[in-house]
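Notes follow once the structure below has been shown.
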Amino acid sequence: MNALELIKEDHKRLKKMLEHTLEAEGSTEREAAMDQLRTELVAHERMEEEVFYPRLRDEQKVRDNVLEGLEEHHVADVILDELLDVPPDSDLWKAKVKVLKENVEHHMDEEEDELLKNAKRVLDRDELNRLGERMERIKRDAEDSD
Ligand SMILES: [Fe+2]
Ligand SMILES: [Fe+2]
């Protein structure tokens, strides 16, 4: 898969996982859903931050999208960290997951509508393929080491 396809495929899966996590009931189900979501979300952020974003951050057309994207990743990371200290059977847990979901969905939509569209103007097919390969490798490593 090229870099753009890989990111979009991942977004689709992450959206489903966010939905599933928010709907999960009881500690066991919620913890299992959150574990999986956390692993996938962190791996996704990593492949973007280590390969895709650095390639684009010096391109005039895309620079602002990259900086904004990094800040949005940061917000998601803060909520993920806070969730480690919140009992999964509490209302607070659900409130935090809801806000995580809204933030990440917004981020992914914006990434697709702005960053990916602008990236397409800057990167040719060969480079998109090469970036995709490197990103897939990083994602796999991140998931395995979790
Ligand atoms: Fe992202
Ligand atoms: Fe993304």
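Starting from 1 in every chain, residues are counted up; chains themselves are A, B, ... following the order of the structure tokens, and ligands are numbered from 1 as listed.
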
Residues within 10 Å of ligand 2, counting only C-alpha atoms and all ligand atoms, as JSON, numbers by chain: {"A": [4, 6, 7, 8, 9, 10, 11, 12, 14, 41, 44, 45, 46, 47, 48, 49, 52, 69, 73, 104, 105, 107, 108, 109, 110, 111, 112, 115, 116]}

For the selection just defined, write its residues with C-alpha atoms to a file, as a JSON list (two decimals), in the first residue's frame.
[["chain", "number", "residue", "atom", "x", "y", "z"],
["A", 4, "LEU", "CA", -1.92, 7.60, 1.52],
["A", 6, "LEU", "CA", -2.12, 2.98, 4.36],
["A", 7, "ILE", "CA", -3.13, 6.02, 6.42],
["A", 8, "LYS", "CA", -6.73, 5.95, 5.16],
["A", 9, "GLU", "CA", -7.11, 2.21, 5.79],
["A", 10, "ASP", "CA", -5.82, 2.69, 9.31],
["A", 11, "HIS", "CA", -8.22, 5.57, 9.93],
["A", 12, "LYS", "CA", -11.16, 3.37, 8.99],
["A", 14, "LEU", "CA", -9.34, 3.22, 14.19],
["A", 41, "LEU", "CA", -3.41, 4.44, 17.84],
["A", 44, "HIS", "CA", -0.41, 4.88, 13.79],
["A", 45, "GLU", "CA", 0.91, 8.10, 15.33],
["A", 46, "ARG", "CA", 4.42, 6.70, 15.28],
["A", 47, "MET", "CA", 4.46, 5.80, 11.60],
["A", 48, "GLU", "CA", 3.18, 9.28, 10.77],
["A", 49, "GLU", "CA", 5.58, 11.06, 13.10],
["A", 52, "PHE", "CA", 5.32, 10.86, 6.87],
["A", 69, "GLY", "CA", -1.29, 17.30, 13.27],
["A", 73, "HIS", "CA", -1.46, 13.73, 18.36],
["A", 104, "VAL", "CA", -9.17, 11.69, 17.03],
["A", 105, "GLU", "CA", -12.05, 11.58, 14.54],
["A", 107, "HIS", "CA", -7.93, 14.86, 13.49],
["A", 108, "MET", "CA", -8.28, 11.99, 11.02],
["A", 109, "ASP", "CA", -10.90, 13.83, 8.94],
["A", 110, "GLU", "CA", -8.74, 16.92, 8.79],
["A", 111, "GLU", "CA", -5.68, 14.84, 7.94],
["A", 112, "GLU", "CA", -7.54, 13.33, 5.00],
["A", 115, "LEU", "CA", -2.75, 17.03, 4.81],
["A", 116, "LEU", "CA", -3.19, 14.04, 2.50]]

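Contact shell of A:Glu59 at 10 Å (only C-alpha atoms; same-chain neighbours under 5 positions omitted): Pro54, Asp64, Val66, Asn118, Ala119 and Val122 of chain A.
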
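Going from atom CA of A:Glu82 over to atom CA of A:Val97, you cover 10.4 Å.
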
Atom pair atom CA of A:Val51 / atom CA of A:Thr21: separation (Å): 28.0 Å

A:Leu22 environment, 10 Å, only C-alpha atoms, sequence neighbours closer than 5 positions dropped, as a ChimeraX atom specification: /A:17,30,33-34,93-98,100-101

Straight-line distance linking atom CA of A:Asn103 with atom CA of A:Leu18, stated in Å to one decimal: 10.8 Å

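Here the question is which of A:Asp81, A:Arg13, A:Glu25, A:Val62 gets nearest to A:Leu37 using only C-alpha atoms, and that residue is A:Arg13.
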
DSSP alpha helix (DSSP H) selection over stretch 59-136 of chain A, as a PyMOL selection string: chain A and resi 63-83+91-110+117-122+125-136
